[in-house]
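The data block below is start_15.tsv; it holds TSV, N, CA and C atoms and all ligand atoms.
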```
chain	number	residue	atom	x	y	z
A	27	MET	N	0.85	-1.20	0.00
A	27	MET	CA	0.00	0.00	0.00
A	27	MET	C	0.88	1.25	0.00
A	28	PRO	N	0.66	2.12	-0.98
A	28	PRO	CA	1.54	3.31	-1.09
A	28	PRO	C	1.31	4.28	0.05
A	29	LEU	N	2.35	5.03	0.35
A	29	LEU	CA	2.23	6.05	1.39
A	29	LEU	C	1.45	7.25	0.85
A	30	SER	N	0.70	7.88	1.72
A	30	SER	CA	0.04	9.13	1.33
A	30	SER	C	1.09	10.23	1.26
A	31	PRO	N	0.79	11.30	0.49
A	31	PRO	CA	1.76	12.42	0.41
A	31	PRO	C	2.16	12.95	1.78
A	32	ALA	N	1.21	13.00	2.69
A	32	ALA	CA	1.53	13.51	4.03
A	32	ALA	C	2.50	12.58	4.75
A	33	GLN	N	2.27	11.27	4.62
A	33	GLN	CA	3.16	10.32	5.26
A	33	GLN	C	4.56	10.39	4.67
A	34	LEU	N	4.59	10.53	3.33
A	34	LEU	CA	5.85	10.59	2.63
A	34	LEU	C	6.65	11.82	3.08
A	35	ARG	N	5.96	12.93	3.18
A	35	ARG	CA	6.62	14.17	3.58
A	35	ARG	C	7.18	14.04	5.00
A	36	GLU	N	6.39	13.42	5.85
A	36	GLU	CA	6.82	13.23	7.23
A	36	GLU	C	8.07	12.36	7.27
A	37	LEU	N	8.07	11.33	6.44
A	37	LEU	CA	9.19	10.40	6.38
A	37	LEU	C	10.45	11.12	5.91
A	38	LEU	N	10.31	11.91	4.85
A	38	LEU	CA	11.47	12.62	4.30
A	38	LEU	C	12.01	13.64	5.28
A	39	GLN	N	11.13	14.33	5.95
A	39	GLN	CA	11.57	15.31	6.93
A	39	GLN	C	12.32	14.64	8.07
A	40	GLY	N	11.82	13.49	8.47
A	40	GLY	CA	12.48	12.74	9.54
A	40	GLY	C	13.89	12.37	9.14
A	41	VAL	N	14.07	11.92	7.90
A	41	VAL	CA	15.39	11.54	7.43
A	41	VAL	C	16.31	12.75	7.37
A	42	ALA	N	15.76	13.86	6.89
A	42	ALA	CA	16.59	15.05	6.70
A	42	ALA	C	17.02	15.67	8.01
A	43	THR	N	16.19	15.60	9.01
A	43	THR	CA	16.48	16.33	10.24
A	43	THR	C	17.08	15.47	11.33
A	44	SER	N	16.80	14.17	11.32
A	44	SER	CA	17.26	13.38	12.46
A	44	SER	C	17.71	11.99	12.05
A	45	SER	N	18.56	11.93	11.01
A	45	SER	CA	19.08	10.63	10.65
A	45	SER	C	19.98	10.14	11.79
A	46	PRO	N	19.90	8.88	12.13
A	46	PRO	CA	20.65	8.38	13.28
A	46	PRO	C	22.16	8.46	13.05
A	47	ASP	N	22.87	8.81	14.08
A	47	ASP	CA	24.32	8.93	14.01
A	47	ASP	C	24.91	7.56	14.33
A	48	SER	N	25.27	6.83	13.25
A	48	SER	CA	25.69	5.44	13.43
A	48	SER	C	27.17	5.31	13.76
A	49	LEU	N	27.89	6.42	13.73
A	49	LEU	CA	29.32	6.37	14.02
A	49	LEU	C	29.61	7.06	15.35
A	50	ASP	N	30.60	6.54	16.08
A	50	ASP	CA	31.11	7.32	17.19
A	50	ASP	C	32.37	8.07	16.72
A	51	CYS	N	32.95	8.86	17.59
A	51	CYS	CA	34.05	9.72	17.17
A	51	CYS	C	35.27	8.89	16.72
A	52	ASP	N	35.51	7.77	17.39
A	52	ASP	CA	36.65	6.94	17.01
A	52	ASP	C	36.45	6.36	15.62
A	53	GLY	N	35.24	5.83	15.37
A	53	GLY	CA	34.95	5.25	14.07
A	53	GLY	C	35.01	6.28	12.98
A	54	CYS	N	34.58	7.48	13.31
A	54	CYS	CA	34.59	8.57	12.34
A	54	CYS	C	36.03	8.95	11.99
A	55	CYS	N	36.86	9.06	13.02
A	55	CYS	CA	38.26	9.44	12.84
A	55	CYS	C	38.98	8.43	11.94
A	56	ASP	N	38.66	7.14	12.13
A	56	ASP	CA	39.31	6.10	11.34
A	56	ASP	C	39.04	6.27	9.86
A	57	LEU	N	37.92	6.90	9.52
A	57	LEU	CA	37.51	7.00	8.12
A	57	LEU	C	37.81	8.37	7.52
A	58	PHE	N	38.33	9.30	8.33
A	58	PHE	CA	38.59	10.66	7.87
A	58	PHE	C	39.39	10.71	6.58
A	59	ALA	N	40.53	10.01	6.57
A	59	ALA	CA	41.44	10.11	5.43
A	59	ALA	C	40.78	9.60	4.16
A	60	GLU	N	40.14	8.43	4.26
A	60	GLU	CA	39.43	7.86	3.11
A	60	GLU	C	38.32	8.79	2.64
A	61	PHE	N	37.58	9.29	3.60
A	61	PHE	CA	36.44	10.15	3.29
A	61	PHE	C	36.91	11.43	2.60
A	62	ALA	N	37.98	12.01	3.09
A	62	ALA	CA	38.51	13.24	2.49
A	62	ALA	C	38.95	12.98	1.06
A	63	GLU	N	39.63	11.87	0.83
A	63	GLU	CA	40.05	11.52	-0.53
A	63	GLU	C	38.84	11.40	-1.45
A	64	ALA	N	37.83	10.70	-0.96
A	64	ALA	CA	36.62	10.49	-1.75
A	64	ALA	C	35.95	11.82	-2.09
A	65	GLU	N	35.90	12.70	-1.09
A	65	GLU	CA	35.24	13.99	-1.31
A	65	GLU	C	36.05	14.83	-2.29
A	66	LEU	N	37.36	14.84	-2.14
A	66	LEU	CA	38.20	15.64	-3.03
A	66	LEU	C	38.13	15.13	-4.46
A	67	GLN	N	37.94	13.81	-4.61
A	67	GLN	CA	37.87	13.22	-5.94
A	67	GLN	C	36.46	13.25	-6.51
A	68	GLY	N	35.52	13.78	-5.74
A	68	GLY	CA	34.16	13.91	-6.22
A	68	GLY	C	33.42	12.58	-6.28
A	69	GLN	N	33.87	11.62	-5.49
A	69	GLN	CA	33.18	10.33	-5.47
A	69	GLN	C	31.85	10.45	-4.74
A	70	ALA	N	30.96	9.52	-5.02
A	70	ALA	CA	29.68	9.48	-4.34
A	70	ALA	C	29.91	9.09	-2.88
A	71	LEU	N	29.36	9.89	-1.98
A	71	LEU	CA	29.57	9.65	-0.56
A	71	LEU	C	28.44	8.78	-0.02
A	72	THR	N	28.56	7.49	-0.28
A	72	THR	CA	27.52	6.55	0.12
A	72	THR	C	28.07	5.60	1.17
A	73	GLY	N	27.19	4.76	1.71
A	73	GLY	CA	27.60	3.73	2.65
A	73	GLY	C	28.33	4.30	3.85
A	74	ALA	N	29.53	3.82	4.10
A	74	ALA	CA	30.30	4.26	5.26
A	74	ALA	C	30.60	5.75	5.17
A	75	TYR	N	30.80	6.25	3.95
A	75	TYR	CA	31.09	7.67	3.79
A	75	TYR	C	29.89	8.51	4.19
A	76	ALA	N	28.70	8.04	3.86
A	76	ALA	CA	27.49	8.77	4.26
A	76	ALA	C	27.39	8.82	5.78
A	77	ALA	N	27.81	7.76	6.43
A	77	ALA	CA	27.79	7.73	7.89
A	77	ALA	C	28.78	8.74	8.46
A	78	VAL	N	29.95	8.85	7.82
A	78	VAL	CA	30.94	9.84	8.25
A	78	VAL	C	30.37	11.25	8.11
A	79	ARG	N	29.79	11.52	6.93
A	79	ARG	CA	29.24	12.85	6.69
A	79	ARG	C	28.15	13.16	7.70
A	80	ASN	N	27.34	12.16	8.00
A	80	ASN	CA	26.27	12.34	8.96
A	80	ASN	C	26.83	12.68	10.34
A	81	HIS	N	27.90	11.98	10.72
A	81	HIS	CA	28.50	12.25	12.02
A	81	HIS	C	29.11	13.65	12.05
A	82	LEU	N	29.74	14.05	10.96
A	82	LEU	CA	30.37	15.37	10.90
A	82	LEU	C	29.35	16.49	11.08
A	83	ARG	N	28.13	16.23	10.58
A	83	ARG	CA	27.09	17.25	10.71
A	83	ARG	C	26.66	17.41	12.16
A	84	GLN	N	26.84	16.36	12.94
A	84	GLN	CA	26.29	16.38	14.29
A	84	GLN	C	27.36	16.52	15.36
A	85	CYS	N	28.62	16.48	14.97
A	85	CYS	CA	29.70	16.51	15.94
A	85	CYS	C	30.67	17.63	15.56
A	86	THR	N	30.61	18.75	16.24
A	86	THR	CA	31.46	19.89	15.89
A	86	THR	C	32.92	19.56	16.08
A	87	CYS	N	33.22	18.73	17.06
A	87	CYS	CA	34.60	18.36	17.33
A	87	CYS	C	35.21	17.63	16.13
A	88	CYS	N	34.51	16.61	15.61
A	88	CYS	CA	35.00	15.89	14.44
A	88	CYS	C	34.96	16.77	13.20
A	89	ALA	N	33.94	17.61	13.09
A	89	ALA	CA	33.83	18.48	11.93
A	89	ALA	C	35.04	19.40	11.84
A	90	TYR	N	35.49	19.89	12.99
A	90	TYR	CA	36.65	20.78	13.03
A	90	TYR	C	37.90	20.02	12.61
A	91	GLU	N	38.07	18.83	13.16
A	91	GLU	CA	39.24	18.03	12.82
A	91	GLU	C	39.24	17.66	11.34
A	92	TYR	N	38.06	17.35	10.83
A	92	TYR	CA	37.96	16.97	9.42
A	92	TYR	C	38.30	18.16	8.52
A	93	GLU	N	37.80	19.34	8.85
A	93	GLU	CA	38.10	20.54	8.07
A	93	GLU	C	39.60	20.79	8.01
A	94	THR	N	40.26	20.59	9.15
A	94	THR	CA	41.70	20.78	9.21
A	94	THR	C	42.41	19.81	8.28
A	95	LEU	N	41.97	18.55	8.32
A	95	LEU	CA	42.56	17.54	7.44
A	95	LEU	C	42.31	17.87	5.97
A	96	LEU	N	41.10	18.29	5.68
A	96	LEU	CA	40.73	18.60	4.30
A	96	LEU	C	41.58	19.76	3.77
A	97	GLU	N	41.77	20.77	4.60
A	97	GLU	CA	42.60	21.91	4.19
A	97	GLU	C	44.02	21.45	3.90
A	98	ALA	N	44.54	20.58	4.75
A	98	ALA	CA	45.90	20.08	4.56
A	98	ALA	C	46.01	19.29	3.26
A	99	LEU	N	45.01	18.47	2.98
A	99	LEU	CA	45.01	17.68	1.75
A	99	LEU	C	44.92	18.58	0.52
A	100	ARG	N	44.06	19.59	0.61
A	100	ARG	CA	43.91	20.51	-0.53
A	100	ARG	C	45.22	21.24	-0.78
A	101	ALA	N	45.91	21.60	0.28
A	101	ALA	CA	47.15	22.35	0.15
A	101	ALA	C	48.22	21.51	-0.50
A	102	THR	N	48.18	20.20	-0.33
A	102	THR	CA	49.22	19.34	-0.90
A	102	THR	C	48.86	18.90	-2.31
A	103	GLU	N	47.60	19.13	-2.71
A	103	GLU	CA	47.22	18.72	-4.06
A	103	GLU	C	47.70	19.74	-5.09
A	104	ASP	N	48.21	19.25	-6.19
A	104	ASP	CA	48.61	20.14	-7.27
A	104	ASP	C	47.42	20.40	-8.18
A	105	PRO	N	46.89	21.59	-8.19
A	105	PRO	CA	45.68	21.87	-8.98
A	105	PRO	C	45.90	21.66	-10.48
A	106	ASP	N	47.11	21.79	-10.94
A	106	ASP	CA	47.39	21.58	-12.36
A	106	ASP	C	47.40	20.11	-12.74
A	107	ASN	N	47.49	19.28	-11.72
A	107	ASN	CA	47.62	17.84	-11.94
A	107	ASN	C	46.32	17.10	-11.67
A	108	ALA	N	45.26	17.82	-11.37
A	108	ALA	CA	44.02	17.17	-10.98
A	108	ALA	C	43.28	16.60	-12.17
B	201	ZN	ZN	32.71	13.01	16.65
```
Using structure tokens, write down the structure that the file contains.
Amino acid sequence: MPLSPAQLRELLQGVATSSPDSLDCDGCCDLFAEFAEAELQGQALTGAYAAVRNHLRQCTCCAYEYETLLEALRATEDPDNA
């Protein structure tokens, strides 16, 4: 039985605003380097990467550390060689 538009909207809003944070800070940290590479290369951020991104949205501490890593990676990348 299909969902009504109201049910569907409620479902989508729930996903957008309160997706469960399936990673803890340690698990997130372990994936930082891989995740940064994937993001810099424009890869689809699915699966474990989506979990990392989700955690970063909800954890300012990890978000700060990730930004620092990302800046360092960008600085070492040769833009002419991309
Ligand atoms: Zn965290």
Find the residues near stretch 74-85 of chain A: any atom within 6.5 Å, counting only N, CA and C atoms, skip ones fewer than 2 places away on the same chain, and give them as a PyMOL selection string. chain A and resi 47-49+54+61+71-72+87-90
Selection file, N, CA and C atoms, as a CSV table (one decimal), in the frame of the given file:
```csv
chain,number,residue,atom,x,y,z
A,47,ASP,N,22.9,8.8,14.1
A,47,ASP,CA,24.3,8.9,14.0
A,47,ASP,C,24.9,7.6,14.3
A,48,SER,N,25.3,6.8,13.2
A,48,SER,CA,25.7,5.4,13.4
A,48,SER,C,27.2,5.3,13.8
A,49,LEU,N,27.9,6.4,13.7
A,49,LEU,CA,29.3,6.4,14.0
A,49,LEU,C,29.6,7.1,15.4
A,54,CYS,N,34.6,7.5,13.3
A,54,CYS,CA,34.6,8.6,12.3
A,54,CYS,C,36.0,9.0,12.0
A,61,PHE,N,37.6,9.3,3.6
A,61,PHE,CA,36.4,10.2,3.3
A,61,PHE,C,36.9,11.4,2.6
A,71,LEU,N,29.4,9.9,-2.0
A,71,LEU,CA,29.6,9.6,-0.6
A,71,LEU,C,28.4,8.8,0.0
A,72,THR,N,28.6,7.5,-0.3
A,72,THR,CA,27.5,6.6,0.1
A,72,THR,C,28.1,5.6,1.2
A,87,CYS,N,33.2,18.7,17.1
A,87,CYS,CA,34.6,18.4,17.3
A,87,CYS,C,35.2,17.6,16.1
A,88,CYS,N,34.5,16.6,15.6
A,88,CYS,CA,35.0,15.9,14.4
A,88,CYS,C,35.0,16.8,13.2
A,89,ALA,N,33.9,17.6,13.1
A,89,ALA,CA,33.8,18.5,11.9
A,89,ALA,C,35.0,19.4,11.8
A,90,TYR,N,35.5,19.9,13.0
A,90,TYR,CA,36.6,20.8,13.0
A,90,TYR,C,37.9,20.0,12.6
```
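Non-sequential neighbours of stretch 94-98 of chain A (distance at most 9 Å, separation of 3 or more positions within a chain, only C-alpha atoms) are Phe58, Ala59, Ala62, Glu63, Leu66, Ala89, Tyr90, Glu91, Ala101, Thr102 and Glu103 of chain A.
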Pick from A:Leu34, A:Leu57, A:Leu99, A:Ala64, whichever lies nearest to ligand ZN 201 (chain B) using only C-alpha atoms and all ligand atoms: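 Between A:Leu34, A:Leu57, A:Leu99, A:Ala64, the residue approaching ligand ZN 201 (chain B) most closely is A:Leu57.
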Could you pull out all residues of chain A with a DSSP call of alpha helix (DSSP H) and give them as a PyMOL selection string? chain A and resi 31-44+51-66+74-84+86-102
Counting only N, CA and C atoms and all ligand atoms, the residue among A:Glu65, A:Glu60, A:Cys51, A:Pro31 that lies closest to ligand ZN 201 (chain B) is A:Cys51
Selected residue, from A:Asp52, A:Pro28, A:Glu36, A:Gly73, that lies nearest to ligand ZN 201 (chain B) when counting all atoms listed in the file: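 The shortest atom-to-atom distance to ligand ZN 201 (chain B) comes from A:Asp52.
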Taking all atoms listed in the file into account, which of A:Asp50, A:Gln67, A:Arg100, A:Glu93 comes nearest ligand ZN 201 (chain B)? A:Asp50
